[in-house]
Amino acid sequence: MTSSAIGAEEHLGSNWRRALSREEVHDLLHMNDLRTAGSIALNWALVATSFAVVALWPNPATVIAALFVIGARQLGFAVLMHEASHRSLLADRGWNDAVGNWLCAYPIWSDLHPYRPYHLKHHARTGGPEDPDIGLVRPFPITRRSLLRKIIRDLSGQTGRNFAQAAWQRTFQRYASDPHARRAGRGFLATNVVLFAVLAGLGHPLLYGLWIGAWLTTYTLVTRIRSIAEHALTPDSKDPLGNTRTTIARWWERLLIAPNRVNYHIEHHLLMTVPHYNLPRMHRMLRDRGVLEHASVTRGYWEILRNAASRSASTDSDPPESERDDSAENLSRVNGI
């Protein structure tokens, strides 16, 4: 990492920066391509294991479990694509973008290249009116009934249908006129054809339905939980320690909700090019030095969802059409769909 890149990270000007020496920052920014390869391999291994379990013991319980594991790993691929958007996935920039797209983004119908400028604007305008993700956090708190409606829409595929419509519009509706859409469309088709061919070659073509089913249901649910956890109900839109949340995730939450260290979101916003595998260490350093004493750090996702659904039920009513649509366009853009 060059001194100019470090200087760009230091523009925040908050007291947290004094807690880390320049050498420690250099160390945190160091990329280890083998660790990245391990993260990608683990995601695909968990997907493969889910397919294998259903193939060996096909029953409703294994199918449901597989849908939740695969949906979380699809979020994991989105998280690694997000890391590639910061050019912190792999040290070589060409490989960073190629791997970020072909092994992470394209299989889940995303595209790194248009996502990058969109997401960097979120970092530059976090919590303000120009933040492109502000619509995802502005409605909270909501009522329990409203949150339940959102969860039902996610798990029934209604939100996933909107995800698919948004992805279709950005790729195949623009296929003839937009070379970027053609690239993304070919990438999506190629990676998914390969995945289907592998499953068919192993004698289980119907397992591909788990990939599509998870993308339409559990993936949208964990995407929603991620968006709520990261920025909703944070106290200070102008302070990087107050407009972003870190969630201390339990092991099963890391498996099913928060893959690839996505829960360390304060740390990511403070130094956005720290690779995901270094974020826990950065968190411990800041915590032990008192930096996070008054920051938005929450233990577990249940507490976050409870607070997000803390609005009095007496004020609940049937939401307008715009609320029922639930900002699906914004939700899809969070993961580059």
# chains A, B, ... in the order shown; residues from 1 in each chain; ligands from 1
call {"tool": "closest_atom_pairs", "arguments": {"of": "region 140-174 of chain A", "to": "region 232-241 of chain A", "cutoff": "12 Å", "atoms": "only C-alpha atoms", "output": "CSV"}}
result
residue,atom,partner,partner_atom,distance
A:Phe140,CA,A:Ala232,CA,6.5
A:Pro141,CA,A:Leu233,CA,7.2
A:Ile142,CA,A:Leu233,CA,10.7
call {"tool": "write_last_selection", "arguments": {"atoms": "C-alpha atoms", "output": "compact mmCIF listing (two decimals), in the first residue's frame"}}
result
# COMPACT_ATOMS: atom_id res chain seq x y z
CA PHE A 140 -36.21 2.38 10.93
CA PRO A 141 -37.42 1.74 13.53
CA ILE A 142 -40.45 -0.10 12.20
call {"tool": "select_by_dssp", "arguments": {"residues": "region 45-260 of chain A", "states": "strand (DSSP E or B)", "output": "PyMOL selection string"}}
result
chain A and resi 245-248
call {"tool": "closest_residue", "arguments": {"among": "A:Glu267, A:Asp154, A:Glu293, A:Glu230", "to": "Leu216 (chain A)", "atoms": "only C-alpha atoms"}}
result
A:Asp154
call {"tool": "closest_residue", "arguments": {"among": "A:Cys104, A:Ile64, A:Ala295, A:Ile304", "to": "Thr191 (chain A)", "atoms": "only C-alpha atoms"}}
result
A:Cys104
call {"tool": "residues_around", "arguments": {"residues": "Leu202 (chain A)", "least_positions_apart": "5", "cutoff": "12 Å", "atoms": "only C-alpha atoms", "output": "ChimeraX atom specification"}}
result
/A:48,51-52,55,195-197,207-208
call {"tool": "residues_around", "arguments": {"residues": "Asn260 (chain A)", "least_positions_apart": "2", "cutoff": "9 Å", "atoms": "only C-alpha atoms", "output": "ChimeraX atom specification"}}
result
/A:39,43,76-77,79-80,254,258,262-263,276-277
call {"tool": "closest_residue", "arguments": {"among": "A:Arg226, A:His123, A:Arg22, A:Arg93", "to": "Ala78 (chain A)", "atoms": "only C-alpha atoms"}}
result
A:Arg226
call {"tool": "closest_residue", "arguments": {"among": "A:Ala105, A:Leu271, A:Val54, A:Ala176", "to": "Ser88 (chain A)", "atoms": "only C-alpha atoms"}}
result
A:Leu271
call {"tool": "residues_around", "arguments": {"residues": "Ala313 (chain A)", "least_positions_apart": "4", "cutoff": "9 Å", "atoms": "only C-alpha atoms", "output": "ChimeraX atom specification"}}
result
/A:142-145,317
call {"tool": "residues_around", "arguments": {"residues": "Pro132 (chain A)", "least_positions_apart": "2", "cutoff": "7 Å", "atoms": "only C-alpha atoms", "output": "ChimeraX atom specification"}}
result
/A:122,130,134
call {"tool": "closest_residue", "arguments": {"among": "A:Thr244, A:Ser296, A:Ser85, A:Ser312", "to": "Val99 (chain A)", "atoms": "only C-alpha atoms"}}
result
A:Ser85
call {"tool": "decode", "arguments": {"residues": "region 183-332 of chain A", "atoms": "C-alpha atoms", "output": "tab-separated table (two decimals), in the first residue's frame"}}
result
chain	number	residue	atom	x	y	z
A	183	ARG	CA	-19.94	-8.61	-20.38
A	184	ALA	CA	-22.00	-9.08	-17.22
A	185	GLY	CA	-24.67	-11.11	-19.02
A	186	ARG	CA	-22.09	-13.44	-20.56
A	187	GLY	CA	-20.39	-13.81	-17.18
A	188	PHE	CA	-23.64	-14.68	-15.43
A	189	LEU	CA	-24.61	-17.22	-18.10
A	190	ALA	CA	-21.15	-18.80	-18.31
A	191	THR	CA	-20.67	-19.28	-14.57
A	192	ASN	CA	-24.17	-20.60	-14.00
A	193	VAL	CA	-23.98	-22.95	-17.00
A	194	VAL	CA	-20.73	-24.33	-15.58
A	195	LEU	CA	-22.33	-24.79	-12.16
A	196	PHE	CA	-25.33	-26.58	-13.69
A	197	ALA	CA	-23.06	-28.71	-15.90
A	198	VAL	CA	-20.99	-29.84	-12.92
A	199	LEU	CA	-24.09	-30.84	-10.99
A	200	ALA	CA	-25.55	-32.58	-14.04
A	201	GLY	CA	-22.27	-34.38	-14.66
A	202	LEU	CA	-22.43	-35.68	-11.11
A	203	GLY	CA	-25.92	-36.99	-11.78
A	204	HIS	CA	-27.83	-34.36	-9.80
A	205	PRO	CA	-28.97	-31.57	-12.15
A	206	LEU	CA	-31.96	-30.73	-9.95
A	207	LEU	CA	-29.61	-29.53	-7.22
A	208	TYR	CA	-29.11	-26.39	-9.27
A	209	GLY	CA	-32.59	-25.45	-8.04
A	210	LEU	CA	-31.05	-24.95	-4.58
A	211	TRP	CA	-28.72	-22.28	-6.01
A	212	ILE	CA	-31.60	-20.42	-7.67
A	213	GLY	CA	-33.94	-21.00	-4.73
A	214	ALA	CA	-31.45	-19.60	-2.22
A	215	TRP	CA	-30.74	-16.59	-4.45
A	216	LEU	CA	-34.45	-15.80	-4.52
A	217	THR	CA	-35.12	-16.32	-0.80
A	218	THR	CA	-32.48	-16.70	1.90
A	219	TYR	CA	-29.95	-14.53	0.08
A	220	THR	CA	-32.39	-11.62	0.04
A	221	LEU	CA	-33.10	-12.15	3.75
A	222	VAL	CA	-29.45	-12.07	4.83
A	223	THR	CA	-28.87	-9.10	2.52
A	224	ARG	CA	-31.64	-7.27	4.37
A	225	ILE	CA	-30.23	-8.18	7.77
A	226	ARG	CA	-26.79	-7.03	6.64
A	227	SER	CA	-28.12	-3.65	5.50
A	228	ILE	CA	-30.03	-3.09	8.75
A	229	ALA	CA	-27.07	-4.08	10.91
A	230	GLU	CA	-24.53	-1.91	9.16
A	231	HIS	CA	-26.15	1.52	9.37
A	232	ALA	CA	-29.73	1.53	10.66
A	233	LEU	CA	-30.44	3.36	13.95
A	234	THR	CA	-26.88	4.61	14.36
A	235	PRO	CA	-26.62	7.83	16.40
A	236	ASP	CA	-24.40	10.24	14.45
A	237	SER	CA	-24.42	10.51	10.65
A	238	LYS	CA	-21.26	12.69	10.66
A	239	ASP	CA	-19.03	10.51	12.84
A	240	PRO	CA	-17.51	7.33	11.38
A	241	LEU	CA	-17.77	5.77	14.85
A	242	GLY	CA	-21.42	6.79	15.08
A	243	ASN	CA	-22.88	6.22	11.60
A	244	THR	CA	-21.76	2.60	11.20
A	245	ARG	CA	-22.18	-0.51	13.34
A	246	THR	CA	-19.98	-3.49	14.12
A	247	THR	CA	-21.77	-6.64	15.22
A	248	ILE	CA	-20.01	-9.21	17.39
A	249	ALA	CA	-21.24	-12.36	15.68
A	250	ARG	CA	-21.54	-15.82	17.20
A	251	TRP	CA	-20.21	-18.79	15.26
A	252	TRP	CA	-23.60	-19.71	13.82
A	253	GLU	CA	-24.22	-16.10	12.83
A	254	ARG	CA	-20.92	-16.10	10.95
A	255	LEU	CA	-22.10	-19.26	9.17
A	256	LEU	CA	-25.65	-18.12	8.35
A	257	ILE	CA	-25.72	-14.29	8.45
A	258	ALA	CA	-22.27	-12.66	8.48
A	259	PRO	CA	-19.80	-14.43	6.16
A	260	ASN	CA	-16.27	-13.25	5.47
A	261	ARG	CA	-16.09	-10.84	8.43
A	262	VAL	CA	-18.76	-8.54	7.03
A	263	ASN	CA	-19.87	-7.87	10.61
A	264	TYR	CA	-16.79	-5.69	11.29
A	265	HIS	CA	-18.28	-2.71	9.53
A	266	ILE	CA	-16.98	0.18	11.65
A	267	GLU	CA	-13.46	-1.04	11.04
A	268	HIS	CA	-14.13	-1.32	7.33
A	269	HIS	CA	-15.39	2.25	7.13
A	270	LEU	CA	-12.43	3.58	9.08
A	271	LEU	CA	-9.90	1.88	6.78
A	272	MET	CA	-11.82	0.65	3.79
A	273	THR	CA	-8.92	-1.21	2.15
A	274	VAL	CA	-8.13	-3.44	5.12
A	275	PRO	CA	-8.65	-7.03	3.88
A	276	HIS	CA	-11.50	-8.86	5.55
A	277	TYR	CA	-9.22	-11.32	7.38
A	278	ASN	CA	-7.45	-8.42	9.15
A	279	LEU	CA	-10.63	-6.74	10.39
A	280	PRO	CA	-10.96	-8.79	13.61
A	281	ARG	CA	-7.41	-7.85	14.57
A	282	MET	CA	-8.11	-4.18	13.86
A	283	HIS	CA	-11.24	-4.44	16.00
A	284	ARG	CA	-9.28	-5.88	18.94
A	285	MET	CA	-6.65	-3.17	18.67
A	286	LEU	CA	-9.22	-0.37	18.66
A	287	ARG	CA	-11.25	-2.00	21.43
A	288	ASP	CA	-8.26	-2.56	23.70
A	289	ARG	CA	-7.20	1.07	23.25
A	290	GLY	CA	-10.61	2.44	24.19
A	291	VAL	CA	-11.52	3.76	20.75
A	292	LEU	CA	-14.75	1.76	20.52
A	293	GLU	CA	-15.99	2.56	24.01
A	294	HIS	CA	-18.81	4.78	22.72
A	295	ALA	CA	-19.04	3.38	19.19
A	296	SER	CA	-22.01	1.45	17.78
A	297	VAL	CA	-20.95	-2.08	18.66
A	298	THR	CA	-23.68	-4.65	19.25
A	299	ARG	CA	-23.44	-8.28	20.32
A	300	GLY	CA	-25.48	-10.49	18.03
A	301	TYR	CA	-28.01	-9.80	15.29
A	302	TRP	CA	-31.09	-10.51	17.39
A	303	GLU	CA	-30.54	-7.33	19.40
A	304	ILE	CA	-30.24	-5.31	16.19
A	305	LEU	CA	-33.45	-6.72	14.74
A	306	ARG	CA	-35.25	-6.20	18.05
A	307	ASN	CA	-34.29	-2.52	18.03
A	308	ALA	CA	-35.10	-2.19	14.33
A	309	ALA	CA	-38.62	-3.47	15.08
A	310	SER	CA	-39.14	-1.39	18.25
A	311	ARG	CA	-41.73	1.04	16.90
A	312	SER	CA	-45.04	0.90	18.75
A	313	ALA	CA	-47.60	-1.39	17.16
A	314	SER	CA	-50.29	1.22	17.79
A	315	THR	CA	-48.83	3.30	14.97
A	316	ASP	CA	-48.72	0.41	12.52
A	317	SER	CA	-50.90	0.41	9.44
A	318	ASP	CA	-50.82	-1.21	6.03
A	319	PRO	CA	-47.75	0.23	4.31
A	320	PRO	CA	-48.05	2.19	1.09
A	321	GLU	CA	-47.09	0.58	-2.18
A	322	SER	CA	-43.59	2.09	-2.02
A	323	GLU	CA	-43.01	0.48	1.39
A	324	ARG	CA	-44.37	-2.87	0.20
A	325	ASP	CA	-41.85	-2.75	-2.64
A	326	ASP	CA	-39.44	-2.36	0.25
A	327	SER	CA	-36.70	-0.55	-1.64
A	328	ALA	CA	-35.82	-3.81	-3.39
A	329	GLU	CA	-33.90	-1.82	-5.98
A	330	ASN	CA	-31.71	-0.37	-3.22
A	331	LEU	CA	-31.36	-3.76	-1.54
A	332	SER	CA	-30.22	-5.32	-4.80
